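Asker: One file: protein37.txt (compact mmCIF, C-alpha atoms).
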# COMPACT_ATOMS: atom_id res chain seq x y z
CA MET A 170 -0.84 0.87 -2.18
CA ARG A 171 0.37 3.47 -0.97
CA LYS A 172 -0.76 4.21 1.89
CA GLY A 173 -0.80 5.10 5.16
CA ILE A 174 0.82 3.16 7.96
CA LEU A 175 1.66 6.15 10.11
CA SER A 176 3.50 5.00 13.18
CA LEU A 177 3.96 1.33 13.90
CA THR A 178 7.54 1.11 15.01
CA ALA A 179 9.17 4.49 15.05
CA LEU A 180 12.49 3.14 16.24
CA SER A 181 12.54 0.51 13.52
CA ALA A 182 11.69 3.08 10.88
CA ALA A 183 14.35 5.45 12.15
CA ALA A 184 16.97 2.73 12.11
CA ALA A 185 16.00 1.74 8.59
CA LEU A 186 16.21 5.33 7.41
CA THR A 187 19.70 5.56 8.85
CA LEU A 188 20.66 2.57 6.74
CA THR A 189 19.14 4.22 3.70
CA ALA A 190 21.15 7.34 4.32
CA CYS A 191 24.27 5.19 4.31
CA GLY A 192 23.47 3.99 0.80
CA GLY A 193 21.27 0.97 1.40
CA ASP A 194 21.99 -2.53 2.62
CA SER A 195 24.06 -5.24 1.00
CA ASP A 196 25.25 -8.66 2.03
CA ASP A 197 28.46 -9.45 0.17
CA LYS A 198 28.72 -12.89 1.77
CA GLY A 199 25.42 -13.99 0.28
CA SER A 200 26.40 -15.13 -3.19
CA ALA A 201 29.16 -17.33 -1.87
CA GLN A 202 26.66 -19.18 0.30
CA SER A 203 23.98 -19.65 -2.33
CA GLY A 204 26.07 -19.99 -5.45
CA ALA A 205 24.02 -17.25 -7.11
CA LYS A 206 25.82 -14.71 -9.23
CA GLY A 207 24.84 -11.08 -9.17
CA LYS A 208 22.84 -8.98 -6.78
CA ILE A 209 19.23 -8.00 -6.12
CA GLY A 210 18.38 -4.31 -5.98
CA VAL A 211 15.22 -2.93 -4.39
CA ILE A 212 14.02 0.67 -4.71
CA LEU A 213 11.22 1.61 -2.31
CA PRO A 214 9.23 4.77 -3.07
CA ASP A 215 9.01 6.98 0.00
CA THR A 216 8.41 7.32 3.72
CA LYS A 217 5.80 10.10 3.60
CA SER A 218 2.77 8.34 2.16
CA SER A 219 3.29 5.27 4.30
CA ALA A 220 5.72 4.16 6.97
CA ARG A 221 5.11 0.55 5.87
CA TYR A 222 8.13 0.59 3.57
CA GLU A 223 10.70 1.10 6.33
CA SER A 224 8.79 -0.60 9.15
CA PHE A 225 7.81 -3.73 7.23
CA ASP A 226 8.89 -4.09 3.59
CA ARG A 227 12.58 -3.38 4.15
CA PRO A 228 13.15 -5.64 7.19
CA PHE A 229 11.05 -8.49 5.73
CA LEU A 230 12.95 -8.35 2.43
CA GLU A 231 16.27 -8.24 4.27
CA GLN A 232 15.24 -11.27 6.27
CA SER A 233 14.44 -13.25 3.12
CA PHE A 234 17.61 -12.25 1.27
CA LYS A 235 19.84 -13.01 4.25
CA ALA A 236 18.20 -16.39 4.72
CA ALA A 237 18.87 -17.19 1.05
CA GLY A 238 22.45 -15.96 1.28
CA VAL A 239 22.22 -13.57 -1.65
CA GLN A 240 23.69 -10.13 -2.17
CA TYR A 241 21.20 -7.28 -2.04
CA ASP A 242 20.88 -3.52 -1.90
CA ILE A 243 17.69 -1.85 -0.60
CA GLN A 244 17.23 1.91 -0.85
CA ASN A 245 14.38 4.39 -0.54
CA ALA A 246 13.72 7.17 -3.06
CA GLU A 247 12.23 9.39 -0.32
CA GLY A 248 9.46 10.62 -2.61
CA SER A 249 11.83 11.95 -5.28
CA THR A 250 11.68 10.64 -8.86
CA GLN A 251 15.14 12.12 -9.44
CA ARG A 252 16.52 10.19 -6.47
CA PHE A 253 14.69 7.09 -7.72
CA GLN A 254 16.50 7.33 -11.05
CA THR A 255 19.85 8.11 -9.39
CA ILE A 256 19.56 5.07 -7.13
CA ALA A 257 18.71 2.90 -10.14
CA ASP A 258 21.76 4.14 -12.04
CA GLN A 259 23.99 3.42 -9.05
CA MET A 260 22.55 -0.06 -8.65
CA LEU A 261 22.96 -0.92 -12.31
CA THR A 262 26.55 0.30 -12.21
CA SER A 263 27.23 -1.75 -9.07
CA GLY A 264 26.23 -5.01 -10.76
CA VAL A 265 22.59 -5.53 -9.80
CA THR A 266 21.16 -8.29 -12.01
CA VAL A 267 17.58 -8.31 -10.69
CA LEU A 268 15.85 -5.04 -9.89
CA ILE A 269 12.66 -4.69 -7.83
CA THR A 270 11.00 -1.28 -8.14
CA ASP A 271 8.03 0.33 -6.39
CA GLY A 272 7.76 3.44 -8.53
CA LEU A 273 6.49 6.83 -7.49
CA ASP A 274 4.83 7.13 -10.88
CA SER A 275 4.64 5.03 -14.01
CA ASN A 276 6.80 7.26 -16.22
CA SER A 277 9.88 7.35 -14.01
CA ALA A 278 9.59 3.67 -13.10
CA ALA A 279 9.16 2.67 -16.74
CA ALA A 280 12.23 4.70 -17.72
CA VAL A 281 14.31 2.85 -15.13
CA GLN A 282 13.00 -0.50 -16.33
CA ARG A 283 13.90 0.25 -19.96
CA LYS A 284 17.41 1.21 -18.93
CA ALA A 285 17.71 -1.98 -16.87
CA LYS A 286 16.42 -4.12 -19.74
CA ALA A 287 18.97 -2.59 -22.10
CA GLN A 288 21.66 -3.85 -19.72
CA GLY A 289 20.18 -7.33 -19.45
CA VAL A 290 18.76 -6.78 -15.96
CA GLN A 291 15.42 -8.41 -15.16
CA THR A 292 12.88 -6.23 -13.38
CA ILE A 293 9.96 -6.81 -11.02
CA ASP A 294 7.21 -4.27 -10.39
CA TYR A 295 6.48 -4.34 -6.67
CA ASP A 296 3.18 -3.24 -5.08
CA ARG A 297 2.16 -1.07 -8.04
CA LEU A 298 2.36 -1.67 -11.77
CA ALA A 299 4.31 0.80 -13.88
CA LEU A 300 2.04 1.42 -16.85
CA GLY A 301 3.98 1.47 -20.11
CA GLY A 302 6.90 -0.25 -18.42
CA VAL A 303 8.76 -3.39 -19.39
CA ALA A 304 8.86 -5.26 -16.06
CA ASP A 305 9.22 -9.01 -16.43
CA TYR A 306 6.96 -9.65 -13.43
CA TYR A 307 4.59 -7.93 -11.03
CA VAL A 308 3.99 -8.72 -7.35
CA SER A 309 1.15 -7.13 -5.40
CA PHE A 310 -2.17 -7.67 -3.73
CA ASP A 311 -5.09 -7.90 -6.12
CA ASN A 312 -5.88 -4.20 -6.12
CA VAL A 313 -9.31 -4.50 -7.73
CA LYS A 314 -10.20 -6.84 -4.87
CA VAL A 315 -8.86 -4.25 -2.42
CA GLY A 316 -11.36 -1.81 -3.88
CA GLU A 317 -14.10 -4.42 -3.72
CA GLU A 318 -13.38 -4.90 -0.01
CA LEU A 319 -13.64 -1.13 0.48
CA GLY A 320 -16.99 -1.09 -1.32
CA LYS A 321 -18.34 -4.12 0.54
CA GLY A 322 -17.26 -2.63 3.85
CA LEU A 323 -18.98 0.68 3.21
CA GLN A 324 -22.10 -1.12 1.98
CA LYS A 325 -22.22 -3.19 5.16
CA CYS A 326 -21.98 -0.06 7.29
CA LEU A 327 -24.59 1.89 5.30
CA GLY A 328 -27.08 -0.92 4.81
CA ASP A 329 -29.85 -0.59 2.22
CA LYS A 330 -30.98 2.91 3.13
CA ALA A 331 -30.65 5.74 0.61
CA ALA A 332 -27.19 7.30 0.91
CA ASN A 333 -25.10 10.04 -0.66
CA ILE A 334 -21.54 8.76 -1.09
CA VAL A 335 -18.34 10.68 -1.79
CA TYR A 336 -15.07 9.14 -2.97
CA LEU A 337 -11.63 10.22 -1.81
CA ASN A 338 -9.37 8.29 -4.16
CA GLY A 339 -5.61 7.91 -4.03
CA ALA A 340 -3.02 9.72 -6.13
CA PRO A 341 -3.97 10.08 -9.81
CA THR A 342 -0.43 9.02 -10.76
CA ASP A 343 -0.77 5.72 -8.86
CA ASN A 344 -2.25 2.89 -10.93
CA ASN A 345 -3.22 1.12 -7.69
CA ALA A 346 -5.51 4.01 -6.82
CA THR A 347 -7.28 3.62 -10.15
CA LEU A 348 -7.79 -0.09 -9.45
CA PHE A 349 -9.05 0.59 -5.92
CA ALA A 350 -11.67 2.97 -7.30
CA GLN A 351 -12.60 0.50 -10.01
CA GLY A 352 -13.20 -2.24 -7.45
CA ALA A 353 -15.18 0.01 -5.12
CA HIS A 354 -17.42 1.27 -7.91
CA SER A 355 -18.06 -2.30 -9.09
CA VAL A 356 -19.73 -2.92 -5.72
CA LEU A 357 -21.36 0.39 -4.83
CA ASP A 358 -22.62 1.39 -8.28
CA THR A 359 -24.91 -1.64 -8.28
CA VAL A 360 -26.80 -0.44 -5.18
CA THR A 361 -29.68 1.62 -6.53
CA ASN A 362 -30.23 3.46 -3.24
CA TYR A 363 -26.71 4.90 -3.30
CA LYS A 364 -25.82 8.10 -5.11
CA LYS A 365 -22.29 9.30 -5.81
CA THR A 366 -22.32 13.02 -5.11
CA ALA A 367 -18.59 13.79 -5.36
CA GLU A 368 -15.35 12.06 -6.27
CA GLN A 369 -11.80 13.38 -6.28
CA ALA A 370 -8.27 12.01 -6.29
CA VAL A 371 -5.91 13.08 -3.50
CA PRO A 372 -2.58 14.25 -5.01
CA ASP A 373 0.39 12.25 -3.71
CA TRP A 374 -1.87 10.57 -1.14
CA ASP A 375 -1.29 13.72 0.93
CA ASN A 376 -3.44 13.64 4.06
CA GLN A 377 -3.55 17.41 4.50
CA GLN A 378 -4.83 17.83 0.97
CA ALA A 379 -7.34 15.05 1.65
CA ALA A 380 -8.72 17.03 4.60
CA THR A 381 -9.00 20.16 2.48
CA ILE A 382 -10.73 18.29 -0.36
CA PHE A 383 -13.21 16.63 1.99
CA GLU A 384 -13.99 19.86 3.82
CA GLN A 385 -14.81 21.44 0.44
CA MET A 386 -17.05 18.47 -0.37
CA TRP A 387 -18.78 18.79 3.00
CA THR A 388 -19.38 22.49 2.48
CA ASP A 389 -20.53 22.08 -1.13
CA LYS A 390 -23.02 19.37 -0.15
CA GLY A 391 -24.27 21.23 2.90
CA GLY A 392 -23.20 18.31 5.07
CA LYS A 393 -25.48 15.91 3.18
CA ILE A 394 -22.90 13.13 2.97
CA ASP A 395 -23.85 9.71 4.31
CA GLY A 396 -20.72 7.69 3.49
CA VAL A 397 -17.07 8.26 2.59
CA LEU A 398 -15.16 5.83 0.41
CA ALA A 399 -11.63 6.76 1.50
CA ALA A 400 -8.83 4.88 -0.25
CA ASN A 401 -6.57 4.41 2.79
CA ASP A 402 -6.42 5.00 6.53
CA GLY A 403 -4.57 8.30 6.25
CA VAL A 404 -7.10 9.73 3.84
CA GLY A 405 -9.90 8.28 5.97
CA ASN A 406 -8.51 9.92 9.10
CA ALA A 407 -8.36 13.23 7.25
CA ALA A 408 -12.08 12.94 6.50
CA ILE A 409 -12.78 11.93 10.11
CA SER A 410 -11.00 15.08 11.32
CA ILE A 411 -13.47 17.20 9.34
CA LEU A 412 -16.42 15.12 10.54
CA LYS A 413 -15.25 15.71 14.12
CA LYS A 414 -15.24 19.46 13.51
CA ASN A 415 -18.84 19.18 12.41
CA GLY A 416 -19.98 16.82 15.17
CA GLN A 417 -20.56 13.94 12.74
CA ALA A 418 -17.70 11.55 13.51
CA GLY A 419 -19.09 8.08 14.08
CA LYS A 420 -22.33 8.99 12.33
CA VAL A 421 -20.92 8.98 8.78
CA PRO A 422 -19.17 5.69 7.84
CA VAL A 423 -15.63 6.11 6.52
CA THR A 424 -13.47 3.38 4.97
CA GLY A 425 -9.71 2.93 4.98
CA GLN A 426 -6.85 0.68 3.95
CA ASP A 427 -3.54 -0.58 5.37
CA ALA A 428 -4.68 -1.59 8.88
CA THR A 429 -2.60 1.14 10.51
CA VAL A 430 -2.64 1.67 14.26
CA GLU A 431 -4.46 4.96 13.67
CA GLY A 432 -7.01 3.33 11.38
CA LEU A 433 -7.61 0.44 13.75
CA GLN A 434 -8.04 2.82 16.68
CA ASN A 435 -10.55 4.80 14.61
CA ILE A 436 -12.44 1.53 14.11
CA LEU A 437 -12.35 0.82 17.85
CA ASP A 438 -13.66 4.35 18.46
CA GLY A 439 -16.49 3.78 16.01
CA ASN A 440 -15.30 6.63 13.78
CA GLN A 441 -14.08 4.39 10.95
CA CYS A 442 -16.21 1.72 9.34
CA MET A 443 -13.45 -0.66 8.23
CA THR A 444 -9.97 -1.00 6.78
CA VAL A 445 -8.30 -3.36 4.36
CA TYR A 446 -5.50 -5.51 5.76
CA LYS A 447 -2.75 -6.57 3.38
CA PRO A 448 -0.31 -8.90 5.16
CA ILE A 449 2.87 -7.30 3.85
CA LYS A 450 5.06 -10.29 4.70
CA GLN A 451 3.14 -12.29 2.10
CA GLU A 452 4.03 -9.63 -0.46
CA THR A 453 7.70 -9.39 0.51
CA ASP A 454 8.03 -13.19 0.63
CA ALA A 455 6.55 -13.47 -2.87
CA ALA A 456 8.81 -10.75 -4.27
CA ALA A 457 11.91 -12.20 -2.62
CA LYS A 458 11.13 -15.74 -3.83
CA LEU A 459 10.66 -14.47 -7.37
CA ALA A 460 13.82 -12.35 -7.35
CA ILE A 461 15.94 -15.17 -5.90
CA ALA A 462 14.65 -17.56 -8.56
CA LEU A 463 15.61 -15.08 -11.29
CA LEU A 464 19.01 -14.54 -9.69
CA ASN A 465 19.58 -18.30 -9.90
CA GLY A 466 18.60 -18.41 -13.56
CA GLN A 467 15.19 -19.95 -12.91
CA LYS A 468 11.77 -18.97 -14.21
CA GLY A 469 9.50 -17.18 -11.78
CA GLU A 470 6.29 -18.80 -10.55
CA THR A 471 3.13 -16.69 -10.97
CA ASN A 472 -0.60 -17.11 -10.38
CA GLY A 473 -2.08 -14.62 -12.82
CA VAL A 474 -1.54 -11.71 -15.19
CA SER A 475 -2.09 -7.98 -14.88
CA LYS A 476 -3.16 -5.75 -17.74
CA ASP A 477 -0.84 -2.89 -18.63
CA THR A 478 -3.37 -0.66 -20.40
CA VAL A 479 -0.69 1.75 -21.63
CA GLY A 480 1.85 -0.81 -22.80
CA LYS A 481 -0.99 -3.03 -24.06
CA ARG A 482 0.50 -6.18 -22.60
CA ASP A 483 -0.21 -8.79 -19.95
CA VAL A 484 2.38 -8.87 -17.17
CA PRO A 485 2.98 -12.23 -15.44
CA SER A 486 1.95 -11.60 -11.83
CA VAL A 487 1.80 -12.88 -8.29
CA LEU A 488 -1.48 -11.49 -6.93
CA LEU A 489 -2.34 -11.86 -3.25
CA THR A 490 -5.70 -11.65 -1.48
CA PRO A 491 -6.55 -8.67 0.79
CA ILE A 492 -8.69 -8.96 3.93
CA GLY A 493 -11.47 -6.59 4.97
CA VAL A 494 -11.25 -5.72 8.67
CA THR A 495 -13.99 -4.49 11.01
CA LYS A 496 -14.40 -4.69 14.79
CA GLU A 497 -15.52 -8.30 14.33
CA ASN A 498 -12.14 -9.54 13.06
CA ILE A 499 -9.79 -6.76 14.12
CA LYS A 500 -7.89 -9.12 16.41
CA GLN A 501 -6.47 -10.98 13.39
CA VAL A 502 -4.19 -8.05 12.62
CA VAL A 503 -2.72 -8.33 16.12
CA THR A 504 -2.61 -12.14 16.13
CA ASP A 505 -0.62 -12.05 12.88
CA GLY A 506 1.89 -9.70 14.49
CA PHE A 507 1.21 -6.98 11.92
CA VAL A 508 0.33 -4.53 14.69
CA LYS A 509 1.60 -4.82 18.25
CA LYS A 510 -0.99 -5.00 20.99
CA GLU A 511 1.06 -2.60 23.13
CA GLU A 512 0.76 0.09 20.46
CA LEU A 513 -2.87 -0.48 19.53
CA CYS A 514 -4.29 -1.02 23.00
CA LYS A 515 -2.50 1.59 25.06
CA GLY A 516 -4.33 3.99 27.33
CA ALA A 517 -8.03 4.39 26.70
CA TYR A 518 -7.91 1.70 24.02
CA ALA A 519 -7.15 -1.12 26.48
CA ALA A 520 -10.82 -1.65 27.32
CA LYS A 521 -11.89 -1.25 23.70
CA CYS A 522 -9.35 -3.86 22.61
CA LYS A 523 -10.61 -6.27 25.23
CA ALA A 524 -14.19 -5.75 24.07
CA ALA A 525 -13.03 -6.55 20.52
CA GLY A 526 -11.47 -9.83 21.67
CA ILE A 527 -7.85 -8.67 21.72
CA GLN A 528 -6.44 -10.28 24.84
Please express what this file holds, its structure, as structure tokens.
Answerer:
Amino acid sequence: MRKGILSLTALSAAAALTLTACGGDSDDKGSAQSGAKGKIGVILPDTKSSARYESFDRPFLEQSFKAAGVQYDIQNAEGSTQRFQTIADQMLTSGVTVLITDGLDSNSAAAVQRKAKAQGVQTIDYDRLALGGVADYYVSFDNVKVGEELGKGLQKCLGDKAANIVYLNGAPTDNNATLFAQGAHSVLDTVTNYKKTAEQAVPDWDNQQAATIFEQMWTDKGGKIDGVLAANDGVGNAAISILKKNGQAGKVPVTGQDATVEGLQNILDGNQCMTVYKPIKQETDAAAKLAIALLNGQKGETNGVSKDTVGKRDVPSVLLTPIGVTKENIKQVVTDGFVKKEELCKGAYAAKCKAAGIQ
């Protein structure tokens, strides 16, 4: 998902970006230790839509690769499909034999995968599936279940009363966003008292555009909106900003995803109904394990398949289970170390954290 961890460890993110600017990370001593031949390349998508990639994905992947003693190169496309393709070309030239890609869109990611395949390089789609691509494997959270958690969370907050619901979906170019919406609709469309009154995708998961879109919805509906199915915490916070302007924050349930500090604080404030927590270390561990197996000439272990509706094929997949988070279980995110208590519970949030069982 893309999607919205805004400021968890600024210093860590800054340090990681410095490494990216230097051309990524590699460990040339690795293959000698493990006996593996070749190198693993990882292309992360951006830093704008979510700080998760530099704060979590990169360091967790590095940790796994270093522990296995394999060579690796991790770079970030910084939101540019051209840079994404340039990085891929550089990695393929440098001898990468397994390539993990988290594409900005399906077309550019698929093009990279076809080029890699032509050179005998195995590819893994990471976090989002490149429709029409040729990836050998896919690693992600079950994104339909993510959407189901969003729908269940909003339903819990709304109850059985009649409600007008609007949907703020993720980027139309992101297959994950399509799956999130699919999962949410599978839950909410079955509730006869609920009515969908507006639905729109947010281009590039851009939070400013999300605020503009929601303000237009609010105006068009004369403020008659009872619930907001927002696809991630950043988009949810954008909606909350408009609700605050209209004196309705905390009165209209809003969902989110990614368990960001901002999203969790919105939950503690009562302005956000819930978020979806995806323990990223589970995802990086699964991707690293799969890539290392391929590097060593082994077959990857999977637990399911994902449908590529464009390529009309089933992609062997490792699909992980997301967790819906409300005030009742918010402490799990801190207990797991995903969010630091010092960041979440600072200032006015200290008492709110304590009330939520975060000690």
Asker: Pick from A:Asn344, A:Lys235, A:Gly328, A:Lys286: nearest to Lys476 (chain A), with all atoms listed in the file counted?
Answerer: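 Looking at the shortest contact to Lys476 (chain A), the residue is A:Asn344.
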Asker: Hey, what's within 8 Å of Ala367 (chain A) if we count all atoms listed in the file and toss same-chain stuff fewer than 4 positions away? As JSON, numbers by chain, please?
Answerer: {"A": [334, 335, 336, 386]}
Asker: Next, write the just-selected residues to a file, as a PDB file, in the coordinates of the input, keeping C-alpha atoms as the atom set.
Answerer:
ATOM      1  CA  ILE A 334     -21.540   8.760  -1.090  1.00  0.00           C
ATOM      2  CA  VAL A 335     -18.340  10.680  -1.790  1.00  0.00           C
ATOM      3  CA  TYR A 336     -15.070   9.140  -2.970  1.00  0.00           C
ATOM      4  CA  MET A 386     -17.050  18.470  -0.370  1.00  0.00           C
TER       5      MET A 386
END
Asker: What's around region 422-439 of chain A at 9 Å? Count only C-alpha atoms, leave out sequence neighbours fewer than 5 positions away in its own chain, and write the answer as an MDAnalysis selection string.
Answerer: chainID A and resid 170:177 221 315 319:320 322:323 326:327 395:406 408:409 444:448 493:496 499 502 507:509 512:514 518 521:522 525
Asker: So how far away is CA of Leu463 (chain A) from CA of Val239 (chain A), in Å?
Answerer: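 These two atoms are separated by 11.8 Å.
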Asker: Measure the distance from CA of Leu268 (chain A) to CA of Leu298 (chain A) in Å and round it to one decimal.
Answerer: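 Distance reported for this atom pair: 14.0 Å.
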Asker: Smallest atom-to-atom distance to Lys217 (chain A): which of A:Gln441, A:Thr361, A:Asn376, A:Asn333, using all atoms listed in the file?
Answerer: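 Selected residue with least distance to Lys217 (chain A): A:Asn376.
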Asker: Could you make a table, as a tab-separated table, of the residues of region 235-300 of chain A that have an atom within 9 Å of an atom of region 452-458 of chain A, each with its nearest atom pair and distance in Å to one decimal, counting only C-alpha atoms, in chain and number order?
Answerer:
residue	atom	partner	partner_atom	distance
A:Ile269	CA	A:Ala456	CA	8.0
A:Ile293	CA	A:Ala456	CA	7.9
A:Tyr295	CA	A:Ala456	CA	7.2
A:Asp296	CA	A:Glu452	CA	7.9
Asker: Using Å and a single decimal, report how far CA of Val479 (chain A) sits from CA of Gln254 (chain A).
Answerer: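 The value is 20.9 Å.
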Asker: Neighbouring residues of Thr270 (chain A) were defined as those with any atom within 8 Å, considering all atoms listed in the file; residues of the same chain fewer than 6 positions away were excluded. Please report them as a PyMOL selection string.
Answerer: chain A and resi 211-213+278+292-295
Asker: May I ask which of the residues A:Ile209, A:Ile394, A:Ala462, A:Leu348 is the closest one to Gln417 (chain A), counting all atoms listed in the file?
Answerer: A:Ile394
Asker: Return the single residue from A:Asp358, A:Asp215, A:Asp477, A:Glu368 that is closest to Trp387 (chain A), with distances computed using only C-alpha atoms.
Answerer: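 Once distances to Trp387 (chain A) are computed over only C-alpha atoms, the minimum belongs to A:Glu368.
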Asker: As a PDB file, in the coordinates of the input, could you write out region 297-305 of chain A once it has been completed with all heavy atoms?
Answerer:
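Output (selection12.pdb):
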ATOM      1  N   ARG A 297       2.955  -1.751  -7.022  1.00  0.00           N
ATOM      2  CA  ARG A 297       2.160  -1.070  -8.040  1.00  0.00           C
ATOM      3  C   ARG A 297       2.783  -1.291  -9.409  1.00  0.00           C
ATOM      4  O   ARG A 297       4.005  -1.351  -9.553  1.00  0.00           O
ATOM      5  CB  ARG A 297       2.004   0.422  -7.732  1.00  0.00           C
ATOM      6  CG  ARG A 297       3.263   1.210  -7.734  1.00  0.00           C
ATOM      7  CD  ARG A 297       2.981   2.704  -7.540  1.00  0.00           C
ATOM      8  NE  ARG A 297       2.365   2.970  -6.265  1.00  0.00           N
ATOM      9  CZ  ARG A 297       3.060   3.218  -5.152  1.00  0.00           C
ATOM     10  NH1 ARG A 297       4.373   3.190  -5.165  1.00  0.00           N
ATOM     11  NH2 ARG A 297       2.443   3.469  -4.026  1.00  0.00           N
ATOM     12  N   LEU A 298       1.916  -1.404 -10.409  1.00  0.00           N
ATOM     13  CA  LEU A 298       2.360  -1.670 -11.770  1.00  0.00           C
ATOM     14  C   LEU A 298       2.723  -0.368 -12.473  1.00  0.00           C
ATOM     15  O   LEU A 298       1.956   0.599 -12.450  1.00  0.00           O
ATOM     16  CB  LEU A 298       1.238  -2.382 -12.531  1.00  0.00           C
ATOM     17  CG  LEU A 298       1.528  -2.838 -13.965  1.00  0.00           C
ATOM     18  CD1 LEU A 298       2.596  -3.922 -13.967  1.00  0.00           C
ATOM     19  CD2 LEU A 298       0.247  -3.354 -14.613  1.00  0.00           C
ATOM     20  N   ALA A 299       3.887  -0.355 -13.099  1.00  0.00           N
ATOM     21  CA  ALA A 299       4.310   0.800 -13.880  1.00  0.00           C
ATOM     22  C   ALA A 299       3.720   0.686 -15.282  1.00  0.00           C
ATOM     23  O   ALA A 299       4.175  -0.123 -16.096  1.00  0.00           O
ATOM     24  CB  ALA A 299       5.829   0.880 -13.951  1.00  0.00           C
ATOM     25  N   LEU A 300       2.695   1.467 -15.550  1.00  0.00           N
ATOM     26  CA  LEU A 300       2.040   1.420 -16.850  1.00  0.00           C
ATOM     27  C   LEU A 300       3.000   1.887 -17.945  1.00  0.00           C
ATOM     28  O   LEU A 300       3.671   2.912 -17.792  1.00  0.00           O
ATOM     29  CB  LEU A 300       0.784   2.275 -16.851  1.00  0.00           C
ATOM     30  CG  LEU A 300      -0.311   1.855 -15.859  1.00  0.00           C
ATOM     31  CD1 LEU A 300      -1.479   2.827 -15.915  1.00  0.00           C
ATOM     32  CD2 LEU A 300      -0.779   0.436 -16.130  1.00  0.00           C
ATOM     33  N   GLY A 301       3.060   1.134 -19.032  1.00  0.00           N
ATOM     34  CA  GLY A 301       3.980   1.470 -20.110  1.00  0.00           C
ATOM     35  C   GLY A 301       5.395   1.001 -19.849  1.00  0.00           C
ATOM     36  O   GLY A 301       6.305   1.302 -20.628  1.00  0.00           O
ATOM     37  N   GLY A 302       5.582   0.264 -18.756  1.00  0.00           N
ATOM     38  CA  GLY A 302       6.900  -0.250 -18.420  1.00  0.00           C
ATOM     39  C   GLY A 302       7.200  -1.566 -19.119  1.00  0.00           C
ATOM     40  O   GLY A 302       6.414  -2.063 -19.933  1.00  0.00           O
ATOM     41  N   VAL A 303       8.337  -2.133 -18.761  1.00  0.00           N
ATOM     42  CA  VAL A 303       8.760  -3.390 -19.390  1.00  0.00           C
ATOM     43  C   VAL A 303       9.123  -4.431 -18.329  1.00  0.00           C
ATOM     44  O   VAL A 303       9.942  -5.323 -18.582  1.00  0.00           O
ATOM     45  CB  VAL A 303       9.945  -3.172 -20.358  1.00  0.00           C
ATOM     46  CG1 VAL A 303       9.503  -2.336 -21.548  1.00  0.00           C
ATOM     47  CG2 VAL A 303      11.128  -2.515 -19.632  1.00  0.00           C
ATOM     48  N   ALA A 304       8.533  -4.315 -17.145  1.00  0.00           N
ATOM     49  CA  ALA A 304       8.860  -5.260 -16.060  1.00  0.00           C
ATOM     50  C   ALA A 304       8.551  -6.687 -16.511  1.00  0.00           C
ATOM     51  O   ALA A 304       7.566  -6.952 -17.206  1.00  0.00           O
ATOM     52  CB  ALA A 304       8.062  -4.925 -14.812  1.00  0.00           C
ATOM     53  N   ASP A 305       9.417  -7.598 -16.103  1.00  0.00           N
ATOM     54  CA  ASP A 305       9.220  -9.010 -16.430  1.00  0.00           C
ATOM     55  C   ASP A 305       8.111  -9.622 -15.584  1.00  0.00           C
ATOM     56  O   ASP A 305       7.422 -10.542 -16.035  1.00  0.00           O
ATOM     57  CB  ASP A 305      10.530  -9.781 -16.211  1.00  0.00           C
ATOM     58  CG  ASP A 305      11.646  -9.290 -17.112  1.00  0.00           C
ATOM     59  OD1 ASP A 305      11.629  -9.642 -18.298  1.00  0.00           O
ATOM     60  OD2 ASP A 305      12.518  -8.538 -16.634  1.00  0.00           O
TER      61      ASP A 305
END
